[in-house]
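Structure file target_6.txt; described as compact mmCIF, C-alpha atoms (C1' of nucleotides).
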```
# COMPACT_ATOMS: atom_id res chain seq x y z
CA MET D 284 138.90 110.12 68.70
CA THR D 285 141.63 107.94 70.01
CA SER D 286 144.23 110.12 71.73
CA ARG D 287 146.73 112.78 70.73
CA PRO D 288 146.79 114.16 67.20
CA LEU D 289 149.14 112.50 64.78
CA PRO D 290 152.33 114.36 63.84
CA PHE D 291 151.35 114.07 60.18
CA ASP D 292 148.23 114.18 58.06
CA PRO D 293 146.98 110.60 57.73
CA ILE D 294 144.88 111.45 54.71
CA ASP D 295 147.76 113.04 52.89
CA ARG D 296 149.92 110.08 53.80
CA ALA D 297 147.36 107.69 52.42
CA ALA D 298 147.12 109.73 49.24
CA GLN D 299 150.86 109.45 48.74
CA LEU D 300 150.86 105.71 49.24
CA TRP D 301 147.90 105.49 46.94
CA GLU D 302 149.76 107.30 44.20
CA GLU D 303 152.86 105.15 44.64
CA ARG D 304 151.15 101.82 44.74
CA ILE D 305 147.95 102.23 42.80
CA GLY D 306 148.20 105.30 40.65
CA PRO D 307 147.21 108.95 40.50
CA SER D 308 143.77 109.80 41.81
CA SER D 309 142.98 113.24 43.11
CA ALA D 310 139.43 112.10 43.77
CA MET D 311 140.43 109.69 46.49
CA ALA D 312 142.05 112.34 48.66
CA ALA D 313 139.22 114.81 48.10
CA VAL D 314 136.56 112.29 49.04
CA THR D 315 138.39 111.20 52.15
CA ASN D 316 138.78 114.83 53.10
CA VAL D 317 135.08 115.45 52.75
CA MET D 318 134.30 112.42 54.87
CA ARG D 319 136.62 113.43 57.65
CA ALA D 320 135.72 117.12 57.56
CA GLN D 321 132.08 116.21 57.84
CA GLN D 322 132.81 114.18 60.92
CA ILE D 323 134.74 117.02 62.52
CA LEU D 324 132.05 119.59 61.80
CA GLN D 325 129.27 117.27 62.89
CA SER D 326 131.05 116.57 66.12
CA ALA D 327 131.70 120.25 66.80
CA ALA D 328 128.11 121.20 66.05
CA ASP D 329 126.68 118.38 68.12
CA GLY D 330 128.99 119.32 70.95
CA ALA D 331 127.80 122.90 70.91
CA LEU D 332 124.17 121.77 70.75
CA ARG D 333 124.33 119.07 73.41
CA PRO D 334 123.74 121.49 76.30
CA HIS D 335 120.60 122.52 74.47
CA GLY D 336 119.35 119.00 74.05
CA LEU D 337 119.66 119.03 70.28
CA THR D 338 121.69 117.40 67.55
CA PHE D 339 122.58 119.13 64.32
CA ALA D 340 120.03 117.06 62.41
CA ARG D 341 117.24 118.10 64.74
CA TYR D 342 118.46 121.66 64.78
CA GLU D 343 118.25 121.84 61.01
CA ALA D 344 114.70 120.59 61.11
CA LEU D 345 113.81 123.16 63.71
CA VAL D 346 115.29 125.97 61.65
CA LEU D 347 113.44 124.79 58.59
CA LEU D 348 110.13 124.98 60.41
CA TYR D 349 111.05 128.33 61.89
CA PHE D 350 111.59 129.63 58.36
CA ALA D 351 108.33 128.19 57.06
CA ARG D 352 105.55 130.67 56.45
CA GLN D 353 102.92 128.84 58.46
CA SER D 354 105.51 127.58 60.90
CA SER D 355 104.60 124.15 59.65
CA LEU D 356 105.42 121.83 56.76
CA PRO D 357 104.40 118.39 55.55
CA MET D 358 106.92 115.72 56.46
CA ARG D 359 107.49 115.04 52.81
CA VAL D 360 108.52 118.64 52.16
CA MET D 361 110.84 118.54 55.14
CA GLY D 362 112.48 115.51 53.60
CA GLN D 363 112.96 117.31 50.31
CA ARG D 364 114.42 120.43 51.86
CA LEU D 365 116.67 118.62 54.28
CA GLN D 366 117.52 116.01 51.68
CA LEU D 367 116.55 113.20 53.95
CA HIS D 368 114.88 109.86 53.47
CA PRO D 369 111.26 109.83 54.64
CA THR D 370 112.14 107.43 57.42
CA SER D 371 114.82 109.78 58.67
CA VAL D 372 112.27 112.55 58.86
CA THR D 373 109.99 110.30 60.87
CA ASN D 374 112.86 109.58 63.23
CA ILE D 375 113.78 113.23 63.72
CA VAL D 376 110.23 114.43 64.12
CA ASP D 377 109.59 111.67 66.63
CA ARG D 378 112.40 112.95 68.81
CA LEU D 379 111.55 116.61 68.42
CA GLU D 380 107.96 115.88 69.25
CA ALA D 381 108.94 113.85 72.29
CA ASP D 382 110.77 116.94 73.51
CA GLY D 383 107.78 119.15 72.81
CA LEU D 384 109.63 121.23 70.25
CA VAL D 385 107.28 120.39 67.39
CA LYS D 386 103.88 118.78 67.07
CA ARG D 387 102.21 116.74 64.38
CA THR D 388 98.88 117.92 63.03
CA PRO D 389 96.67 116.47 60.33
CA HIS D 390 96.58 118.14 56.95
CA PRO D 391 93.26 119.92 56.45
CA THR D 392 92.41 118.33 53.09
CA ASP D 393 94.81 115.46 52.41
CA ARG D 394 94.51 112.78 55.03
CA ARG D 395 97.70 111.10 53.91
CA THR D 396 99.74 114.10 54.87
CA THR D 397 101.04 115.00 58.30
CA LEU D 398 101.98 118.57 59.06
CA VAL D 399 104.75 119.32 61.51
CA GLU D 400 104.53 122.58 63.38
CA ILE D 401 107.13 124.23 65.56
CA THR D 402 105.95 125.03 69.09
CA ASP D 403 106.77 128.06 71.22
CA SER D 404 109.16 125.91 73.12
CA GLY D 405 110.72 124.91 69.82
CA ARG D 406 111.19 128.55 68.87
CA ASP D 407 112.95 129.31 72.11
CA ARG D 408 115.16 126.30 71.71
CA ARG D 409 116.07 127.26 68.17
CA ALA D 410 117.10 130.73 69.29
CA SER D 411 119.41 129.59 72.06
CA ALA D 412 120.81 126.79 69.92
CA THR D 413 121.56 129.24 67.14
CA ASP D 414 123.50 131.42 69.54
CA ALA D 415 125.52 128.42 70.64
CA LEU D 416 126.29 127.41 67.07
CA MET D 417 127.26 130.87 65.95
CA ALA D 418 129.51 131.21 68.96
CA VAL D 419 131.61 128.36 67.63
CA GLN D 420 131.23 129.33 63.98
CA PHE D 421 129.38 126.06 63.33
CA GLY D 422 132.63 124.30 64.08
CA LEU D 423 134.23 125.69 60.96
CA ARG D 424 137.63 127.25 61.52
CA GLY D 425 140.80 127.75 59.57
CA LEU D 426 139.27 129.42 56.52
CA THR D 427 138.87 133.04 55.55
CA ASP D 428 135.43 134.22 54.50
CA ARG D 429 136.61 134.08 50.93
CA GLN D 430 137.80 130.51 51.29
CA THR D 431 134.61 129.54 53.03
CA ALA D 432 132.64 130.87 50.09
CA GLN D 433 134.95 129.00 47.74
CA LEU D 434 134.32 125.79 49.63
CA THR D 435 130.59 126.31 49.31
CA GLU D 436 131.01 126.93 45.61
CA LEU D 437 133.00 123.78 44.99
CA LEU D 438 130.67 121.57 46.96
CA THR D 439 127.66 123.07 45.27
CA LYS D 440 129.16 121.96 41.96
CA VAL D 441 129.54 118.47 43.35
CA ARG D 442 125.97 118.38 44.55
CA ARG D 443 124.65 119.69 41.29
CA ALA D 444 126.63 117.12 39.31
CA ALA D 445 125.18 114.42 41.54
CA GLY D 446 121.68 115.49 40.58
CA ASP D 447 120.87 116.78 44.00
CA PHE D 448 118.93 119.64 42.48
CA VAL D 449 118.27 121.21 39.12
CA ASP D 450 118.43 124.86 38.30
CA GLY D 451 114.79 125.60 37.79
CA PRO D 452 112.88 128.02 35.58
CA THR D 453 113.44 131.40 37.14
CA GLU D 454 113.76 131.39 40.85
CA THR D 455 116.39 130.46 43.39
CA LEU D 456 114.57 132.98 45.46
CA MET W 73 116.34 110.27 48.81
CA THR W 74 112.74 111.08 48.52
CA SER W 75 111.84 111.52 44.83
CA ARG W 76 112.72 113.87 42.01
CA PRO W 77 115.38 116.51 42.46
CA LEU W 78 114.20 119.92 43.54
CA PRO W 79 114.14 122.72 40.94
CA PHE W 80 116.33 124.80 43.23
CA ASP W 81 119.19 124.33 45.63
CA PRO W 82 117.68 123.84 49.08
CA ILE W 83 120.93 124.69 50.80
CA ASP W 84 121.32 127.93 48.92
CA ARG W 85 117.70 128.73 49.66
CA ALA W 86 118.23 128.12 53.34
CA ALA W 87 121.32 130.31 53.28
CA GLN W 88 119.31 133.16 51.79
CA LEU W 89 116.58 132.84 54.38
CA TRP W 90 119.25 132.63 57.04
CA GLU W 91 120.78 135.87 55.94
CA GLU W 92 117.42 137.63 55.76
CA ARG W 93 116.11 136.49 59.09
CA ILE W 94 119.13 135.81 61.24
CA GLY W 95 122.14 137.51 59.74
CA PRO W 96 125.14 136.92 57.56
CA SER W 97 126.96 133.64 58.12
CA SER W 98 129.02 132.09 55.39
CA ALA W 99 129.92 129.26 57.75
CA MET W 100 126.37 127.94 57.89
CA ALA W 101 126.14 127.33 54.15
CA ALA W 102 129.61 125.82 53.99
CA VAL W 103 128.95 123.42 56.82
CA THR W 104 125.64 122.32 55.37
CA ASN W 105 127.34 121.79 52.05
CA VAL W 106 129.98 119.59 53.62
CA MET W 107 127.31 117.55 55.37
CA ARG W 108 125.30 116.99 52.26
CA ALA W 109 128.29 116.38 49.99
CA GLN W 110 129.55 113.77 52.40
CA GLN W 111 126.24 112.01 52.24
CA ILE W 112 126.25 112.03 48.46
CA LEU W 113 129.78 110.72 48.21
CA GLN W 114 129.23 108.12 50.86
CA SER W 115 126.15 106.90 49.12
CA ALA W 116 127.88 106.74 45.75
CA ALA W 117 130.86 104.89 47.16
CA ASP W 118 128.74 102.46 49.12
CA GLY W 119 126.64 101.86 46.03
CA ALA W 120 129.70 101.00 43.97
CA LEU W 121 131.01 98.76 46.72
CA ARG W 122 127.80 96.93 47.55
CA PRO W 123 128.25 94.33 44.77
CA HIS W 124 131.59 93.58 46.37
CA GLY W 125 130.15 93.15 49.83
CA LEU W 126 131.91 96.17 51.26
CA THR W 127 131.13 99.61 52.62
CA PHE W 128 133.41 102.58 52.26
CA ALA W 129 134.43 102.35 55.92
CA ARG W 130 135.46 98.73 55.56
CA TYR W 131 137.13 99.43 52.24
CA GLU W 132 139.29 102.10 53.82
CA ALA W 133 140.37 99.69 56.52
CA LEU W 134 141.23 97.10 53.91
CA VAL W 135 143.34 99.56 51.95
CA LEU W 136 145.13 100.64 55.08
CA LEU W 137 146.15 97.07 55.84
CA TYR W 138 147.10 96.51 52.23
CA PHE W 139 149.46 99.47 52.48
CA ALA W 140 150.96 98.30 55.76
CA ARG W 141 154.45 96.85 55.57
CA GLN W 142 153.68 93.64 57.42
CA SER W 143 150.17 93.56 56.01
CA SER W 144 149.02 93.97 59.57
CA LEU W 145 148.51 96.71 62.13
CA PRO W 146 147.41 97.01 65.75
CA MET W 147 143.80 98.08 66.09
CA ARG W 148 144.91 101.20 67.88
CA VAL W 149 147.04 102.27 64.93
CA MET W 150 144.17 101.59 62.57
CA GLY W 151 142.04 103.92 64.65
CA GLN W 152 144.65 106.66 64.49
CA ARG W 153 145.12 106.40 60.76
CA LEU W 154 141.45 106.14 59.91
CA GLN W 155 140.57 108.71 62.57
CA LEU W 156 138.08 106.42 64.17
CA HIS W 157 137.04 105.76 67.73
CA PRO W 158 138.41 102.46 69.09
CA THR W 159 134.93 101.02 69.25
CA SER W 160 134.38 101.84 65.60
CA VAL W 161 137.52 99.93 64.74
CA THR W 162 136.26 96.97 66.70
CA ASN W 163 133.00 97.13 64.79
CA ILE W 164 134.65 97.30 61.38
CA VAL W 165 137.20 94.60 62.10
CA ASP W 166 134.44 92.35 63.41
CA ARG W 167 132.65 92.59 60.10
CA LEU W 168 135.72 92.23 57.94
CA GLU W 169 136.79 89.23 59.96
CA ALA W 170 133.35 87.65 59.67
CA ASP W 171 133.79 87.90 55.91
CA GLY W 172 137.24 86.38 56.06
CA LEU W 173 138.92 89.49 54.67
CA VAL W 174 141.10 90.07 57.71
CA LYS W 175 142.06 88.07 60.75
CA ARG W 176 143.01 89.00 64.29
CA THR W 177 146.31 87.73 65.64
CA PRO W 178 147.95 88.31 69.01
CA HIS W 179 150.82 90.73 69.25
CA PRO W 180 154.08 88.81 69.81
CA THR W 181 155.19 90.76 72.87
CA ASP W 182 152.30 92.92 74.11
CA ARG W 183 149.36 90.82 75.10
CA ARG W 184 147.07 93.82 75.27
CA THR W 185 147.47 94.45 71.58
CA THR W 186 145.59 92.77 68.77
CA LEU W 187 147.08 92.77 65.31
CA VAL W 188 144.79 92.78 62.31
CA GLU W 189 146.12 91.16 59.17
CA ILE W 190 144.66 91.25 55.69
CA THR W 191 144.02 87.81 54.19
CA ASP W 192 144.51 86.71 50.60
CA SER W 193 140.79 86.92 50.18
CA GLY W 194 140.96 90.43 51.55
CA ARG W 195 143.61 91.37 48.99
CA ASP W 196 141.49 90.12 46.15
CA ARG W 197 138.47 91.95 47.46
CA ARG W 198 140.43 95.18 47.80
CA ALA W 199 141.58 94.95 44.20
CA SER W 200 138.15 94.45 42.70
CA ALA W 201 136.62 97.03 45.02
CA THR W 202 139.25 99.55 43.97
CA ASP W 203 138.38 99.00 40.34
CA ALA W 204 134.74 99.59 41.10
CA LEU W 205 135.45 102.78 42.98
CA MET W 206 137.78 104.19 40.39
CA ALA W 207 135.23 103.44 37.71
CA VAL W 208 132.88 105.90 39.36
CA GLN W 209 135.60 108.33 40.40
CA PHE W 210 134.77 107.67 44.05
CA GLY W 211 131.43 109.30 43.40
CA LEU W 212 133.08 112.65 42.88
CA ARG W 213 131.95 114.45 39.75
CA GLY W 214 131.53 118.00 38.58
CA LEU W 215 135.01 119.22 39.42
CA THR W 216 138.12 119.60 37.34
CA ASP W 217 141.32 118.09 38.64
CA ARG W 218 142.40 121.53 39.69
CA GLN W 219 139.19 122.15 41.58
CA THR W 220 139.43 118.75 43.19
CA ALA W 221 142.88 119.62 44.47
CA GLN W 222 141.55 122.94 45.68
CA LEU W 223 138.82 121.19 47.60
CA THR W 224 141.38 118.95 49.24
CA GLU W 225 143.43 121.97 50.15
CA LEU W 226 140.56 123.83 51.76
CA LEU W 227 139.38 120.86 53.75
CA THR W 228 142.89 120.10 54.89
CA LYS W 229 143.01 123.58 56.37
CA VAL W 230 139.79 122.88 58.19
CA ARG W 231 141.08 119.61 59.55
CA ARG W 232 144.33 121.14 60.65
CA ALA W 233 142.55 123.99 62.41
CA ALA W 234 140.42 121.42 64.19
CA GLY W 235 143.56 119.80 65.58
CA ASP W 236 143.13 116.67 63.56
CA PHE W 237 146.87 116.46 63.05
CA VAL W 238 149.99 118.50 63.64
CA ASP W 239 152.72 119.15 61.16
CA GLY W 240 155.52 117.11 62.62
CA PRO W 241 159.28 117.55 62.70
CA THR W 242 160.39 116.81 59.17
CA GLU W 243 158.22 114.42 57.35
CA THR W 244 154.86 114.41 55.65
CA LEU W 245 156.40 111.53 53.85
C1' DT E 186 158.40 94.69 95.06
C1' DA E 187 154.02 96.47 95.17
C1' DC E 188 150.81 99.61 93.78
C1' DC E 189 148.60 102.62 90.73
C1' DA E 190 148.12 104.93 86.47
C1' DA E 191 148.02 104.42 81.59
C1' DT E 192 147.01 101.62 77.47
C1' DA E 193 144.43 98.19 74.27
C1' DG E 194 140.42 96.40 73.25
C1' DT E 195 135.38 95.15 73.89
C1' DA E 196 130.35 95.41 75.53
C1' DG E 197 126.17 97.86 75.49
C1' DG E 198 123.54 101.76 74.22
C1' DA E 199 122.20 106.25 71.77
C1' DC E 200 121.66 108.51 67.18
C1' DG E 201 121.18 109.21 62.46
C1' DT E 202 121.13 107.41 58.00
C1' DC E 203 119.54 104.24 54.63
C1' DC E 204 116.57 100.29 52.70
C1' DT E 205 112.58 97.24 52.11
C1' DA E 206 108.01 96.36 53.07
C1' DC E 207 103.44 97.72 54.47
C1' DT E 208 99.05 100.65 55.23
C1' DT E 209 96.22 104.32 54.10
C1' DT E 210 94.63 107.62 51.05
C1' DT E 211 94.45 110.05 46.72
C1' DA E 212 94.75 110.53 41.70
C1' DC E 213 94.41 108.81 37.22
C1' DT E 214 92.63 105.96 33.48
C1' DT E 215 89.77 103.13 31.25
C1' DA H 36 82.42 103.85 38.46
C1' DA H 37 85.99 100.67 39.19
C1' DG H 38 90.42 99.48 39.43
C1' DT H 39 95.08 100.40 39.48
C1' DA H 40 98.99 103.31 40.12
C1' DA H 41 101.12 106.81 42.85
C1' DA H 42 101.97 109.26 47.11
C1' DA H 43 102.61 109.95 52.40
C1' DG H 44 104.12 107.95 56.51
C1' DT H 45 105.64 104.34 59.55
C1' DA H 46 107.75 99.84 61.22
C1' DG H 47 111.67 97.05 61.57
C1' DG H 48 116.36 96.18 60.57
C1' DA H 49 121.31 97.01 58.94
C1' DC H 50 125.46 100.03 59.48
C1' DG H 51 128.56 103.24 61.20
C1' DT H 52 129.69 106.58 64.51
C1' DC H 53 130.19 108.10 69.10
C1' DC H 54 130.15 107.63 74.40
C1' DT H 55 130.64 105.46 78.93
C1' DA H 56 132.06 101.68 81.46
C1' DC H 57 134.66 97.51 82.06
C1' DT H 58 138.60 93.89 81.78
C1' DA H 59 143.25 92.67 80.97
C1' DT H 60 147.84 93.96 80.60
C1' DT H 61 151.83 96.90 80.92
C1' DG H 62 154.76 100.53 82.79
C1' DG H 63 156.43 103.63 86.14
C1' DT H 64 157.33 104.79 90.82
C1' DA H 65 157.53 104.77 95.67
```

Would you kindly transcribe this structure into C-alpha cells?
Amino acid sequence: MTSRPLPFDPIDRAAQLWEERIGPSSAMAAVTNVMRAQQILQSAADGALRPHGLTFARYEALVLLYFARQSSLPMRVMGQRLQLHPTSVTNIVDRLEADGLVKRTPHPTDRRTTLVEITDSGRDRRASATDALMAVQFGLRGLTDRQTAQLTELLTKVRRAAGDFVDGPTETL
Amino acid sequence: MTSRPLPFDPIDRAAQLWEERIGPSSAMAAVTNVMRAQQILQSAADGALRPHGLTFARYEALVLLYFARQSSLPMRVMGQRLQLHPTSVTNIVDRLEADGLVKRTPHPTDRRTTLVEITDSGRDRRASATDALMAVQFGLRGLTDRQTAQLTELLTKVRRAAGDFVDGPTETL
DNA sequence: TACCAATAGTAGGACGTCCTACTTTTACTT
DNA sequence: AAGTAAAAGTAGGACGTCCTACTATTGGTA
C-alpha cells in the first residue's frame, strides 16, 4: 500500500499496546484481522480479475446468475443472495449491463420486478474469470485445506450470530 | 441489508453449487466468508461509533495517535501502521482535522513531512468511542475467546503469506 | 556543486458500499 | 371498492479504498 512490508505485524503490535493501555480484548485483534484480510483478498481477487474487466463484486453477481436455473433472477433476490443493499445491486447490474454481460428484462407478471439475465458474453466472461481466480487461489494463501475449512467455520458462526441467516426448516440444499 | 434474514446460508449454498458445477474449492467459500464477515463487523462498528461522530477507519487512526509516544506521527507512518494507501491517510486526516480531533503540524527538520497530532478533544472522543465499541464487543459475537484467538491466528497466517509484514530480527514487541 | 532519483503528501477520479428519499406497482384490510 | 401499507427499483449523496499523476523537498552521486 505504501512501500516495503513492515518488519513486524502492526496488528499484533496494536493488540499489545491495547492490552497494556486499555485492557484485554481479543475481539479487537480479531476484528482488525478480518478487516485487513478482507482488503488483501479483495485486492488479490480484483487484481486477477482486472485483465478480464471485472471486479470481485461483479464476478460474484455473474456467478450467481450463471447458477440460476433460468439464468436470470430478480434484482431483489440477487441482493438477498449476495447480501447487498438494493442500491448496490442497481450499481453492479448497471455496470455489468453496460458491458453487455447481463441484461435487464421485465418480469412477466409483476411489473415492479426487474429480472437480470446473464448473456452469452457474460457466460464466456465468467468462465475465463473463474480460471483466473482459481489460478491464484482467490488470493488466499498460507492456509492448509483444513485451516481454510476452519476459517470458514469460524466466520460462519460470526455471520450466524449477527443474524445474517437463520437455519431454516429442512434444507440447506 | 435488504429485509429479513434468509432461512439458509447463502454462502454455504453458493459453495455447494460451486462444487457441483465447477469443482471443489475450499478457498472460494473462505474468501466469501471473509468478505461478508468484514462487512458485518464494519457495519456493527460504524453503527456503534456513529453517535460519536466517528467511523471505524477514523477511530483506528485516533487510537494509533493516542498510542504514539509524542501523541503524533508522520502521515507516512500512519499509513504503514494502518496499512493504508497514502491518499487514504490524507482522506482520514482531513476529516479528523475538520472535526478538531487531530491537527497537522510541520515536521521540525523535514519539510516534506507532516505530523499529525491528536488533540484534547480527540482524546476525549477516543475514550467515549472505545467504551461504545467495547460495549458491543466490536461487533464480534458468536465465538468463544478461544475461537476468537484462533480466528486471529488463521488470519495472521493469511496476512503473512500475502507479504503484509515480515517477522523482523528480534522483536514483535 | 549540480543533477537526478527517491520520498512525503495531495488532487482528481473510479468503485463499491451504505443511507435516505422517491416512484411505481401490488397486496391487504376494512 | 377504496384506501393504505408493503414491496421493487432507482436517484443522489456520503465514505473509504485504491490508482495515477503532480508538487515540493531531500538525499546521493558524478

W:Gln219 environment, 12 Å, only C-alpha atoms (C1' of nucleotides), sequence neighbours closer than 3 positions dropped, as a PyMOL selection string: (chain D and resi 309-310+313+433-434+436-438+440-441) or (chain W and resi 212-216+222-226)

I need the chosen residues saved as a PDB file, keeping the file's coordinate frame, with C-alpha atoms.
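Output contents, as saved in again-v9.pdb:
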```
ATOM      1  CA  SER D 309     142.980 113.240  43.110  1.00  0.00           C
ATOM      2  CA  ALA D 310     139.430 112.100  43.770  1.00  0.00           C
ATOM      3  CA  ALA D 313     139.220 114.810  48.100  1.00  0.00           C
ATOM      4  CA  GLN D 433     134.950 129.000  47.740  1.00  0.00           C
ATOM      5  CA  LEU D 434     134.320 125.790  49.630  1.00  0.00           C
ATOM      6  CA  GLU D 436     131.010 126.930  45.610  1.00  0.00           C
ATOM      7  CA  LEU D 437     133.000 123.780  44.990  1.00  0.00           C
ATOM      8  CA  LEU D 438     130.670 121.570  46.960  1.00  0.00           C
ATOM      9  CA  LYS D 440     129.160 121.960  41.960  1.00  0.00           C
ATOM     10  CA  VAL D 441     129.540 118.470  43.350  1.00  0.00           C
TER      11      VAL D 441
ATOM     12  CA  LEU W 212     133.080 112.650  42.880  1.00  0.00           C
ATOM     13  CA  ARG W 213     131.950 114.450  39.750  1.00  0.00           C
ATOM     14  CA  GLY W 214     131.530 118.000  38.580  1.00  0.00           C
ATOM     15  CA  LEU W 215     135.010 119.220  39.420  1.00  0.00           C
ATOM     16  CA  THR W 216     138.120 119.600  37.340  1.00  0.00           C
ATOM     17  CA  GLN W 222     141.550 122.940  45.680  1.00  0.00           C
ATOM     18  CA  LEU W 223     138.820 121.190  47.600  1.00  0.00           C
ATOM     19  CA  THR W 224     141.380 118.950  49.240  1.00  0.00           C
ATOM     20  CA  GLU W 225     143.430 121.970  50.150  1.00  0.00           C
ATOM     21  CA  LEU W 226     140.560 123.830  51.760  1.00  0.00           C
TER      22      LEU W 226
END
```

May I have the residues of chain D within 6 Å of chain W, counting all atoms listed in the file, written as a PyMOL selection string? chain D and resi 284-285+288-293+313+317-318+321+364+367-368+424-425+435+440-441+444+447-451+455

Pairing the C-alpha atoms in order and superposing chain W on chain D, what is the resulting RMSD?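 Overlaying the two chains on their C-alpha atoms yields 0.1 Å.
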
With all atoms listed in the file counted and 8 Å as the cut-off, give the residues of chain E in contact with chain D, each with its shortest interatomic distance in Å and the pair that gives it, as a Markdown table.
```
| residue | atom | partner | partner_atom | distance |
| --- | --- | --- | --- | --- |
| E:DG201 | C1' | D:Ser371 | CA | 7.4 |
| E:DT202 | C1' | D:Ser371 | CA | 6.8 |
| E:DC203 | C1' | D:His368 | CA | 7.4 |
| E:DT209 | C1' | D:Arg395 | CA | 6.9 |
| E:DT210 | C1' | D:Arg395 | CA | 5.5 |
| E:DT211 | C1' | D:Asp393 | CA | 7.9 |
```

Using all atoms listed in the file and a distance of at most 7 Å, pull out the residues of chain H that contact chain W, as a PyMOL selection string. chain H and resi 52+59-60

Output of the above residues as a PDB file, in the coordinates of the input, restricted to C-alpha atoms (C1' of nucleotides):
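Final output, saved to selection04.pdb:
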```pdb
ATOM      1  C1'  DT H  52     129.690 106.580  64.510  1.00  0.00           C
ATOM      2  C1'  DA H  59     143.250  92.670  80.970  1.00  0.00           C
ATOM      3  C1'  DT H  60     147.840  93.960  80.600  1.00  0.00           C
TER       4       DT H  60
END
```

W:Val165 environment, 8 Å, all atoms listed in the file, sequence neighbours closer than 4 positions dropped, as an mmCIF file with C-alpha atoms, keeping the file's coordinate frame:
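Output saved as selection_13.cif:
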```
data_model
loop_
_atom_site.group_PDB
_atom_site.id
_atom_site.type_symbol
_atom_site.label_atom_id
_atom_site.label_comp_id
_atom_site.auth_asym_id
_atom_site.auth_seq_id
_atom_site.Cartn_x
_atom_site.Cartn_y
_atom_site.Cartn_z
ATOM 1 C CA ARG W 130 135.460 98.730 55.560
ATOM 2 C CA VAL W 161 137.520 99.930 64.740
ATOM 3 C CA GLU W 169 136.790 89.230 59.960
ATOM 4 C CA VAL W 174 141.100 90.070 57.710
ATOM 5 C CA VAL W 188 144.790 92.780 62.310
#
```

Selection: 9 Å around E:DT195, all atoms listed in the file, excl. self and same-chain fewer than 4 positions, as a list in words: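 Using all atoms listed in the file, the neighbours found are Thr159 and Thr162 of chain W; DC57 and DT58 of chain H.
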
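Here atom CA of W:Pro178 stands at a distance of 15.3 Å from atom CA of W:Thr191.
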
So the first atom is atom CA of D:Arg409 and the second is atom C1' of H:DC54; what is the distance between them in Å, to one decimal place? 24.9 Å

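Interatomic distance, atom CA of W:Val208 to atom CA of W:Arg122: 13.2 Å.
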
Taking the block just given, write stretch 215-226 of chain W to a file that holds C-alpha atoms, as a CSV table (one decimal), in the first residue's frame.
```
chain,number,residue,atom,x,y,z
W,215,LEU,CA,-17.2,-17.0,19.2
W,216,THR,CA,-15.6,-18.1,22.4
W,217,ASP,CA,-12.4,-16.4,23.5
W,218,ARG,CA,-10.5,-19.4,22.3
W,219,GLN,CA,-12.2,-19.3,18.9
W,220,THR,CA,-11.6,-15.6,18.6
W,221,ALA,CA,-7.9,-16.2,19.2
W,222,GLN,CA,-8.0,-19.0,16.6
W,223,LEU,CA,-9.5,-16.7,14.1
W,224,THR,CA,-6.8,-14.1,14.7
W,225,GLU,CA,-4.2,-16.8,14.3
W,226,LEU,CA,-5.6,-18.1,11.0
```
